[in-house]
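Data file: input12.cif. Format and content: mmCIF, C-alpha atoms.
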```
data_coords
loop_
_atom_site.label_atom_id
_atom_site.label_comp_id
_atom_site.auth_asym_id
_atom_site.auth_seq_id
_atom_site.Cartn_x
_atom_site.Cartn_y
_atom_site.Cartn_z
CA MET A 486 142.53 135.02 102.42
CA GLN A 487 139.06 133.65 103.11
CA ALA A 488 137.74 137.13 103.93
CA PHE A 489 139.18 138.45 100.67
CA GLY A 490 137.39 135.68 98.81
CA LYS A 491 134.11 136.55 100.48
CA ASP A 492 134.54 140.24 99.60
CA ARG A 493 135.23 139.34 95.99
CA ASP A 494 132.15 137.11 95.88
CA ALA A 495 130.03 139.95 97.32
CA VAL A 496 131.30 142.34 94.66
CA SER A 497 130.57 139.78 91.92
CA ILE A 498 127.02 139.35 93.21
CA GLY A 499 126.63 143.13 93.39
CA ILE A 500 127.74 143.48 89.77
CA GLY A 501 125.32 140.72 88.72
CA LEU A 502 122.43 142.41 90.52
CA THR A 503 123.33 145.75 88.93
CA ILE A 504 123.25 144.22 85.46
CA LEU A 505 119.90 142.55 86.25
CA SER A 506 118.47 145.86 87.47
CA VAL A 507 119.62 147.57 84.25
CA LEU A 508 117.84 144.92 82.18
CA ILE A 509 114.66 145.38 84.23
CA PHE A 510 114.82 149.17 84.00
CA GLY A 511 115.10 148.86 80.22
CA LEU A 512 111.95 146.73 80.02
CA GLN A 513 110.19 149.21 82.28
CA ASP A 514 111.15 152.10 80.01
CA ALA A 515 109.82 150.26 76.97
CA ALA A 516 106.51 149.62 78.77
CA SER A 517 106.34 153.27 79.84
CA LYS A 518 106.85 154.34 76.22
CA VAL A 519 103.81 152.29 75.22
CA LEU A 520 101.70 153.71 78.06
CA VAL A 521 102.37 157.40 77.38
CA GLN A 522 101.20 157.00 73.79
CA THR A 523 97.65 156.71 75.18
CA TRP A 524 97.63 158.19 78.68
CA SER A 525 99.07 161.44 80.01
CA PRO A 526 102.64 161.32 81.37
CA PHE A 527 101.28 163.23 84.37
CA GLN A 528 98.84 160.43 85.17
CA ILE A 529 101.41 157.67 84.64
CA THR A 530 104.01 159.45 86.78
CA MET A 531 101.42 160.07 89.50
CA MET A 532 100.42 156.41 89.67
CA ARG A 533 104.07 155.34 89.71
CA PHE A 534 104.69 157.63 92.67
CA TRP A 535 101.66 156.24 94.48
CA ALA A 536 103.38 152.86 94.34
CA PHE A 537 106.85 154.23 95.14
CA GLY A 538 105.53 156.34 98.04
CA LEU A 539 103.66 153.37 99.50
CA PHE A 540 106.72 151.16 99.02
CA SER A 541 108.99 153.66 100.80
CA LEU A 542 106.57 153.96 103.73
CA ILE A 543 106.35 150.18 104.11
CA MET A 544 110.12 149.77 103.93
CA VAL A 545 110.77 152.52 106.47
CA THR A 546 108.14 151.45 109.01
CA ARG A 547 109.70 147.97 109.07
CA GLN A 548 112.92 149.52 110.40
CA ALA A 549 111.77 152.35 112.68
CA PRO A 550 108.70 154.41 113.66
CA LEU A 551 107.51 156.62 110.80
CA ARG A 552 107.85 159.78 112.91
CA GLN A 553 111.52 159.03 113.39
CA ALA A 554 112.03 158.56 109.66
CA PHE A 555 110.70 162.07 109.00
CA ARG A 556 113.23 163.61 111.41
CA SER A 557 115.81 165.24 109.19
CA GLU A 558 118.81 167.46 109.78
CA MET A 559 118.24 168.91 106.31
CA PRO A 560 114.46 169.01 105.72
CA GLY A 561 114.69 171.77 103.12
CA TRP A 562 117.28 169.89 101.09
CA GLN A 563 115.25 166.68 101.44
CA LEU A 564 112.10 168.34 100.10
CA LEU A 565 114.06 169.86 97.21
CA ARG A 566 115.58 166.44 96.47
CA GLY A 567 112.12 164.83 96.42
CA ALA A 568 110.82 167.55 94.08
CA VAL A 569 113.80 167.14 91.73
CA LEU A 570 113.23 163.36 91.56
CA THR A 571 109.57 164.00 90.76
CA PHE A 572 110.47 166.30 87.88
CA GLU A 573 113.13 163.87 86.65
CA ILE A 574 110.62 161.02 86.30
CA TRP A 575 108.05 163.34 84.73
CA PHE A 576 110.62 164.74 82.25
CA PHE A 577 111.58 161.20 81.28
CA ALA A 578 107.94 160.23 80.77
CA MET A 579 107.46 163.27 78.51
CA ALA A 580 110.63 162.52 76.52
CA VAL A 581 109.93 158.82 76.00
CA ARG A 582 106.72 159.65 74.09
CA SER A 583 108.60 160.30 70.85
CA VAL A 584 112.36 160.01 71.43
CA PRO A 585 113.64 156.51 70.50
CA LEU A 586 114.97 154.57 73.49
CA GLY A 587 118.52 154.32 72.14
CA GLU A 588 118.91 158.06 71.55
CA LEU A 589 117.03 158.86 74.76
CA HIS A 590 119.37 156.84 76.93
CA SER A 591 122.36 158.27 75.06
CA ILE A 592 121.26 161.72 76.24
CA ILE A 593 120.38 160.53 79.75
CA LEU A 594 123.91 159.13 80.09
CA LEU A 595 125.14 162.74 80.29
CA TYR A 596 124.17 162.63 83.97
CA PRO A 597 127.54 161.43 85.39
CA LEU A 598 129.21 164.36 83.64
CA LEU A 599 126.59 166.82 84.91
CA VAL A 600 127.12 165.45 88.43
CA THR A 601 130.74 166.55 88.11
CA LEU A 602 129.66 170.12 87.34
CA LEU A 603 126.87 170.35 89.93
CA ALA A 604 129.12 168.98 92.67
CA ILE A 605 131.13 172.23 92.49
CA PRO A 606 128.42 174.63 93.80
CA VAL A 607 126.35 172.13 95.82
CA LEU A 608 129.07 170.03 97.49
CA GLY A 609 132.01 172.39 97.19
CA GLU A 610 134.11 169.82 95.31
CA ARG A 611 137.12 170.82 93.26
CA VAL A 612 137.19 169.82 89.63
CA GLY A 613 140.41 169.79 87.63
CA PRO A 614 141.12 169.94 83.88
CA TRP A 615 140.68 166.17 83.35
CA ARG A 616 137.07 166.19 84.52
CA ILE A 617 136.25 169.49 82.80
CA GLY A 618 137.68 168.06 79.58
CA ALA A 619 135.58 164.90 79.98
CA VAL A 620 132.44 166.98 80.52
CA LEU A 621 133.08 169.09 77.40
CA THR A 622 133.79 165.95 75.37
CA GLY A 623 130.52 164.42 76.57
CA PHE A 624 128.60 167.47 75.42
CA ILE A 625 130.28 167.18 72.03
CA GLY A 626 128.90 163.64 71.89
CA ALA A 627 125.42 165.00 72.62
CA LEU A 628 125.81 167.56 69.83
CA VAL A 629 126.73 164.73 67.44
CA ILE A 630 123.43 163.02 68.28
CA LEU A 631 121.49 166.29 67.91
CA ARG A 632 123.28 167.32 64.69
CA PRO A 633 121.30 168.66 61.71
CA GLY A 634 119.71 165.64 60.11
CA GLY A 635 120.10 163.62 63.29
CA LEU A 636 117.66 163.47 66.18
CA PRO A 637 114.93 166.09 65.50
CA LEU A 638 115.08 169.04 67.90
CA THR A 639 111.62 168.70 69.41
CA GLY A 640 110.26 169.63 72.80
CA ASP A 641 110.59 166.00 73.88
CA VAL A 642 114.35 166.14 73.23
CA GLY A 643 114.40 169.14 75.56
CA PHE A 644 112.65 167.01 78.17
CA ALA A 645 115.33 164.33 77.69
CA LEU A 646 118.06 166.89 78.42
CA ALA A 647 116.04 168.14 81.42
CA ALA A 648 115.74 164.55 82.68
CA ALA A 649 119.52 164.11 82.50
CA GLY A 650 120.06 167.38 84.38
CA SER A 651 117.43 166.55 86.99
CA ASN A 652 118.88 163.09 87.56
CA ALA A 653 122.34 164.60 88.08
CA LEU A 654 121.00 167.18 90.54
CA TYR A 655 119.08 164.46 92.39
CA LEU A 656 122.25 162.39 92.80
CA VAL A 657 124.25 165.38 94.05
CA LEU A 658 121.51 166.27 96.55
CA THR A 659 121.43 162.62 97.63
CA ARG A 660 125.14 162.84 98.44
CA LYS A 661 124.52 166.06 100.36
CA VAL A 662 121.68 164.78 102.57
CA ALA A 663 123.57 161.51 103.16
CA GLN A 664 126.05 163.55 105.20
CA ALA A 665 123.42 164.06 107.90
CA ASP A 666 120.37 161.81 107.35
CA THR A 667 119.82 158.06 107.20
CA THR A 668 118.89 156.16 104.04
CA SER A 669 115.41 155.54 105.49
CA THR A 670 114.82 159.27 105.95
CA SER A 671 115.97 160.02 102.42
CA MET A 672 113.75 157.26 101.00
CA VAL A 673 110.58 158.36 102.76
CA TYR A 674 111.09 162.05 101.89
CA ALA A 675 111.59 161.21 98.20
CA GLY A 676 108.59 158.88 98.04
CA VAL A 677 106.12 161.04 99.96
CA THR A 678 107.20 164.33 98.35
CA GLY A 679 106.80 162.86 94.88
CA MET A 680 103.47 161.26 95.76
CA VAL A 681 102.04 164.56 97.01
CA LEU A 682 103.40 166.74 94.19
CA MET A 683 102.32 164.45 91.37
CA THR A 684 98.88 163.88 92.88
CA LEU A 685 98.30 167.65 92.91
CA VAL A 686 99.02 167.73 89.18
CA GLY A 687 98.13 164.27 87.91
CA VAL A 688 94.49 164.23 89.02
CA TRP A 689 93.73 166.95 86.44
CA PHE A 690 94.91 164.65 83.65
CA TRP A 691 93.11 161.53 84.84
CA ALA A 692 91.63 159.23 82.20
CA PRO A 693 90.13 155.76 82.72
CA MET A 694 92.47 152.88 81.91
CA ASP A 695 91.39 149.64 80.28
CA GLY A 696 92.53 146.19 81.39
CA ALA A 697 95.55 146.14 79.08
CA GLY A 698 96.66 149.57 80.30
CA LEU A 699 96.32 148.61 83.96
CA LEU A 700 98.23 145.39 83.34
CA LEU A 701 101.06 147.27 81.65
CA LEU A 702 101.09 149.90 84.40
CA SER A 703 101.24 147.13 87.01
CA PHE A 704 104.25 145.74 85.16
CA VAL A 705 105.94 149.17 85.28
CA ILE A 706 105.25 149.52 89.01
CA VAL A 707 106.43 146.02 89.91
CA THR A 708 109.58 146.31 87.81
CA THR A 709 110.33 149.76 89.27
CA ILE A 710 110.21 148.41 92.82
CA ALA A 711 112.09 145.23 91.90
CA ALA A 712 114.88 147.09 90.08
CA HIS A 713 115.28 149.62 92.91
CA MET A 714 115.47 146.83 95.48
CA LEU A 715 118.08 144.97 93.42
CA MET A 716 120.14 148.16 93.12
CA MET A 717 119.88 148.79 96.87
CA ILE A 718 121.12 145.27 97.60
CA ALA A 719 123.91 145.68 95.04
CA LEU A 720 125.06 148.91 96.71
CA LYS A 721 125.27 147.08 100.03
CA LEU A 722 127.51 144.43 98.48
CA ALA A 723 129.77 146.67 96.38
CA GLN A 724 130.80 150.32 96.26
CA ALA A 725 128.91 152.61 93.90
CA SER A 726 132.19 153.52 92.20
CA ILE A 727 132.65 149.85 91.22
CA LEU A 728 129.09 149.43 89.94
CA GLN A 729 128.80 152.69 87.97
CA PRO A 730 130.32 151.47 84.65
CA PHE A 731 127.81 148.62 84.42
CA ASN A 732 124.98 151.17 84.22
CA TYR A 733 126.26 152.00 80.73
CA LEU A 734 124.94 148.62 79.59
CA MET A 735 121.59 150.41 79.43
CA LEU A 736 122.61 151.96 76.11
CA PRO A 737 122.97 148.76 74.01
CA TRP A 738 120.02 147.21 75.85
CA ALA A 739 117.80 150.22 75.12
CA ALA A 740 118.92 150.26 71.49
CA PHE A 741 118.07 146.54 71.20
CA LEU A 742 114.62 146.97 72.77
CA SER A 743 113.93 149.98 70.56
CA MET A 744 114.74 147.91 67.48
CA VAL A 745 112.79 144.79 68.52
CA ILE A 746 109.69 146.45 70.00
CA PHE A 747 109.40 149.74 68.09
CA GLY A 748 111.33 148.97 64.90
CA HIS A 749 113.78 151.86 65.35
CA VAL A 750 117.47 151.38 64.60
CA ILE A 751 119.90 153.97 65.96
CA ASP A 752 121.97 155.41 63.09
CA ALA A 753 125.74 155.03 62.97
CA ILE A 754 126.59 158.70 63.62
CA SER A 755 124.28 158.87 66.66
CA LEU A 756 125.92 155.68 67.92
CA VAL A 757 129.32 157.39 67.64
CA GLY A 758 127.96 160.30 69.67
CA ALA A 759 126.67 157.87 72.29
CA MET A 760 130.07 156.18 72.49
CA ILE A 761 131.71 159.59 73.02
CA ILE A 762 129.36 160.24 75.95
CA VAL A 763 130.01 156.81 77.45
CA GLY A 764 133.77 157.22 77.03
CA SER A 765 133.66 160.60 78.75
CA GLY A 766 131.68 159.15 81.63
CA LEU A 767 134.21 156.34 82.02
CA ILE A 768 137.03 158.89 82.16
CA VAL A 769 135.27 160.64 85.04
CA TRP A 770 134.76 157.27 86.74
CA VAL A 771 138.45 156.36 86.43
CA ARG A 772 139.54 159.73 87.83
CA GLU A 773 137.12 159.41 90.77
CA ARG A 774 138.35 155.89 91.53
CA ARG A 775 141.93 157.09 91.41
CA ALA A 776 141.14 160.09 93.65
CA ARG A 777 139.52 157.84 96.28
CA ARG A 778 142.56 155.57 96.38
CA THR A 779 144.98 158.40 97.11
CA ALA A 780 145.26 159.84 100.59
CA LYS A 781 145.76 163.36 99.23
CA PRO A 782 144.00 164.88 96.20
CA ALA A 783 146.04 165.56 93.12
CA PRO A 784 147.42 169.12 92.80
CA ASP A 785 144.99 169.97 89.99
CA GLY A 786 142.00 168.87 92.11
CA ASP A 787 141.70 165.81 89.87
#
```
Show me, as structure tokens, the structure contained in the file I just sent.
Amino acid sequence: MQAFGKDRDAVSIGIGLTILSVLIFGLQDAASKVLVQTWSPFQITMMRFWAFGLFSLIMVTRQAPLRQAFRSEMPGWQLLRGAVLTFEIWFFAMAVRSVPLGELHSIILLYPLLVTLLAIPVLGERVGPWRIGAVLTGFIGALVILRPGGLPLTGDVGFALAAAGSNALYLVLTRKVAQADTTSTSMVYAGVTGMVLMTLVGVWFWAPMDGAGLLLLSFVIVTTIAAHMLMMIALKLAQASILQPFNYLMLPWAAFLSMVIFGHVIDAISLVGAMIIVGSGLIVWVRERRARRTAKPAPDGD
């Protein structure tokens, strides 16, 4: 009984840390939106990866020799995963220039549904009619947001869709490499790969930053590291399948920040589309939770 109580307390703390990380990520996104109005998304992404790469190296070397961390059973998949994460952050930085935060995160929340689709070819998972139906419903929600007269179909909206797809592919590849490599190996490959790739591109878009810009960038870097650390701790305390629904709190938080900081209010029809996407994601979550609890998969592959 005491052990059960401790487990429940750990899960509660994990949920609290997840919610805190979501709030921090939202503030970071708002700061990033301000930064990319003046400086190139390539430069901002490059400097973020300098911090993330350094952070991953420090974290890994505290646990084991760096050479050991680079030993991977799937080096090709690890490099691809690092490249996909790099593009995901760059796509987001491009999208946040003009897409309001509420609508942007509504589109980004397609990623759990895209994970369902990408898990078929990459992980060999079976997907039944319930999940396929949820995915199609989620895309209908996206079409509601992108309807004529709704969110303008600009190149930055395309980057938002690309960011959602890249994030989904990154998560699927993370599951794949986790079958053979340690978390430390995955972290250092992602950080160093992104640092190298974005430096090769970002240096060509370099522009001097004033004190206010550097202060805001420092805020983005610190909050990025803090939010990732909180999420890592949360995942140690509670299963990812338990924490996933709380990530959807990003939508109302992003809509609130967009209204307070940038004066944009998400319209009612776009909000309906966002709710359709969230509802579809929750359906997938419920089916995955149910599938994990059963010893044998459902006949339709769930």
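For the structure in this document, the set picked by the PyMOL selection byres ((chain A and resi 498-511) around 6) is Ala495, Val496, Ser497, Leu512, Gln513, Asp514, Ala712, Leu715, Met716, Ala719, Leu722, Ala723, Met735 and Ala739 of chain A.
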Output as CSV one row per residue of segment 592-621 of chain A within 10 Å of segment 566-588 of chain A: the closest atom pair and its distance in Å to one decimal place, counting only C-alpha atoms, sorted by chain and residue number ascending.
```
residue,atom,partner,partner_atom,distance
A:Ile592,CA,A:Glu588,CA,6.4
A:Ile593,CA,A:Glu588,CA,8.7
A:Leu594,CA,A:Glu588,CA,10.0
```
Atomic distance atom CA of Val607 of chain A - atom CA of Val657 of chain A, expressed in Å with one decimal: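 Pair atom CA of Val607 of chain A / atom CA of Val657 of chain A returns 7.3 Å.
Taking only C-alpha atoms into account, Ala663 of chain A lies nearest to A:Met559 out of the set A:Ile630, A:Val769, A:Met559, A:Ile761.
Among the candidates A:Tyr733, A:Tyr596, A:Phe540, A:Trp689, the one nearest to Gly650 of chain A when counting all atoms listed in the file is A:Tyr596.
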Selected residue of minimal separation from Gly626 of chain A among A:Thr639, A:Ser591, A:Met532, A:Gly538, counting all atoms listed in the file: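 For Gly626 of chain A, the nearest of the given residues is A:Ser591.
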As a tab-separated table (two decimals), in the frame of the given file, the rebuilt segment 590-602 of chain A with N, CA, C and O atoms:
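Generated output (part21.tsv):
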```tsv
chain	number	residue	atom	x	y	z
A	590	HIS	N	118.43	157.25	75.91
A	590	HIS	CA	119.37	156.84	76.93
A	590	HIS	C	120.78	157.37	76.64
A	590	HIS	O	121.57	157.55	77.57
A	591	SER	N	121.08	157.63	75.38
A	591	SER	CA	122.36	158.27	75.06
A	591	SER	C	122.42	159.65	75.71
A	591	SER	O	123.45	160.05	76.27
A	592	ILE	N	121.32	160.38	75.63
A	592	ILE	CA	121.26	161.72	76.24
A	592	ILE	C	121.24	161.63	77.76
A	592	ILE	O	121.93	162.38	78.45
A	593	ILE	N	120.47	160.69	78.30
A	593	ILE	CA	120.38	160.53	79.75
A	593	ILE	C	121.75	160.22	80.35
A	593	ILE	O	122.06	160.63	81.47
A	594	LEU	N	122.60	159.51	79.58
A	594	LEU	CA	123.91	159.13	80.09
A	594	LEU	C	124.86	160.32	80.25
A	594	LEU	O	126.01	160.15	80.66
A	595	LEU	N	124.38	161.53	79.97
A	595	LEU	CA	125.14	162.74	80.29
A	595	LEU	C	125.19	162.98	81.80
A	595	LEU	O	126.00	163.77	82.27
A	596	TYR	N	124.31	162.29	82.56
A	596	TYR	CA	124.17	162.63	83.97
A	596	TYR	C	125.45	162.50	84.80
A	596	TYR	O	125.70	163.33	85.67
A	597	PRO	N	126.32	161.47	84.57
A	597	PRO	CA	127.54	161.43	85.39
A	597	PRO	C	128.43	162.65	85.17
A	597	PRO	O	129.11	163.12	86.09
A	598	LEU	N	128.42	163.17	83.94
A	598	LEU	CA	129.21	164.36	83.64
A	598	LEU	C	128.60	165.59	84.29
A	598	LEU	O	129.31	166.46	84.82
A	599	LEU	N	127.26	165.69	84.28
A	599	LEU	CA	126.59	166.82	84.91
A	599	LEU	C	126.77	166.78	86.43
A	599	LEU	O	126.83	167.83	87.07
A	600	VAL	N	126.85	165.57	87.00
A	600	VAL	CA	127.12	165.45	88.43
A	600	VAL	C	128.45	166.12	88.77
A	600	VAL	O	128.58	166.82	89.78
A	601	THR	N	129.43	165.94	87.90
A	601	THR	CA	130.74	166.55	88.11
A	601	THR	C	130.63	168.07	88.21
A	601	THR	O	131.25	168.70	89.07
A	602	LEU	N	129.81	168.66	87.32
A	602	LEU	CA	129.66	170.12	87.34
A	602	LEU	C	128.85	170.59	88.55
A	602	LEU	O	129.21	171.56	89.23
```
